[in-house]
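For reference, the structure discussed in these notes is given below.
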Amino acid sequence: MNQKEARRKAAKLKAPRPVELPSGAWRCQVMVKGKRISVVDDDPEIAHAKALALKNGLIEAEKKTDKITLRESVKKYIAERKNVLSPSTVAGYEEILKNRLQTIMDMNTSEITTSVLQSAVNEEALKVSNKTIRNALTLVVAALGDDADVNIKRIRLPQRNTEEHKVLDVKNIIDLFEHIEGNSAEVPVLLAVWLCLRRSEIMGLCWDCVDFEKNKITIRRAYVKGPDGYVLKDETKTSASRRVLDCPAYIMEKLGKLKPPAAAPKERVFKIHPNTIYQSMKRISERYGIDFVGVHGLRHTSASIMLSLGIIDKVAMARGGWSTDVTMKQIYQHVFQEDKDLAAQKIDEFFTQIASGINPYLHTDLHTKKEES
């Protein structure tokens, strides 16, 4: 039975109505002796029938004999998927296991309910962001499995931080270029703000990705943090992240000076620690009064410059390696104050002409037209 047919079946059923789970299975919940019990099946009609039978006492709920803590369940979930997940994802999961939702990690999985998770989320909200909590919650719910007595849609998360990421204006970019020249982080900074590269892509750049004859660089690898330190992986964040970019002569010349005479093809171009870029930018920013936006802020700046220059969405997406324009527009692209000022000036000029009786499109005096008529 395909998912379309299953959804059609589910829509016809009366309460308790089956709910489709992320796995594709269907869950039906009923209250029996004051306790919520879940029934899960691949067919919504079977899940519904079993739930009704439980509610009417025709069958008994299956008793769980195994006792496992949430921490053990999450560990098991990570271990089972370790070989198919990226090192950075595994590292992120283990970070969650170690630091997030600690008030419930040692509880038995059978005790974890929507209410229990909500209480844990409320405590986390005092310490970390909406995104961090959401990531932790997603992992926990996935580790609990489909038969857990949890409805993630009913859990309320803290409001998202709507503050935009800081970006560099033109003056700041000029100052940064001037003062970072000759620094070990100079070329990485140029690649981030000029070509819109991620830090992992910059650090994963190898000499076989740099074509000095055609002035192009290929983004095909990423240098990411895994559970046991940084690793070079032969894949990018997404398929859209794999791309070939024209590299300006200004940057190619600097790359040429960095290349050792006997550089191996898969030798990394930048052997500095990834945090060196951040620390170098921070020192220079503090010393010369440049706005500090962090390494990721350079990518935001690059995306915002493309918006300011009127680069069409598909071209900007291809350059930055985004698979859709939603993330690019909603998160990365910001409007520069200069563009706001210019827009205000144009709008003011438009309405000033109207207030003076002049058609701003035809540049004709509207009052004269009235007198003639």
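Every chain in the structure tokens takes a letter, A first, then B, and so on in the order presented; its residues are numbered from 1, and the ligands are numbered from 1 following the presented order.
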
As a list in words, please: all residues of stretch 69-302 of chain A that backbone DSSP puts in strand (DSSP E or B).
Thr69, Asn108, Cys206, Val210, Asp211, Lys216, Ile217, Thr218, Ile219, Ala222, Tyr223, Val224, Lys225, Gly226, Gly229, Tyr230, Val231, Leu232, Lys233, Arg243, Val244, Leu245, Asp246 and Arg268 of chain A

With only C-alpha atoms as the counted atoms, please give the residues lying no more than 12 Å from A:Ala136, apart from itself and same-chain residues fewer than 2 positions off, as a PyMOL selection string.
chain A and resi 74+92-102+105+117+120-121+124-125+128-134+138-143+157

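Between atom CA of A:Ala148 and atom CA of A:Thr89 lies a distance of 23.7 Å.
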
Near-A:Asn56 list (10 Å; only C-alpha atoms; drop same-chain fewer than 5 positions) as a VMD selection string:
chain A and resid 32 50 to 51

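Restricting the calculation to only C-alpha atoms, the smallest distance between A:Lys35 and any of A:Ile347, A:Glu111, A:Glu338, A:Leu137 is found for A:Glu111.
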
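Among A:Pro16, A:Gly24, A:Gly204, A:Gly289, the residue with the shortest atom-to-atom distance to A:Arg36, counting only C-alpha atoms, is A:Pro16.
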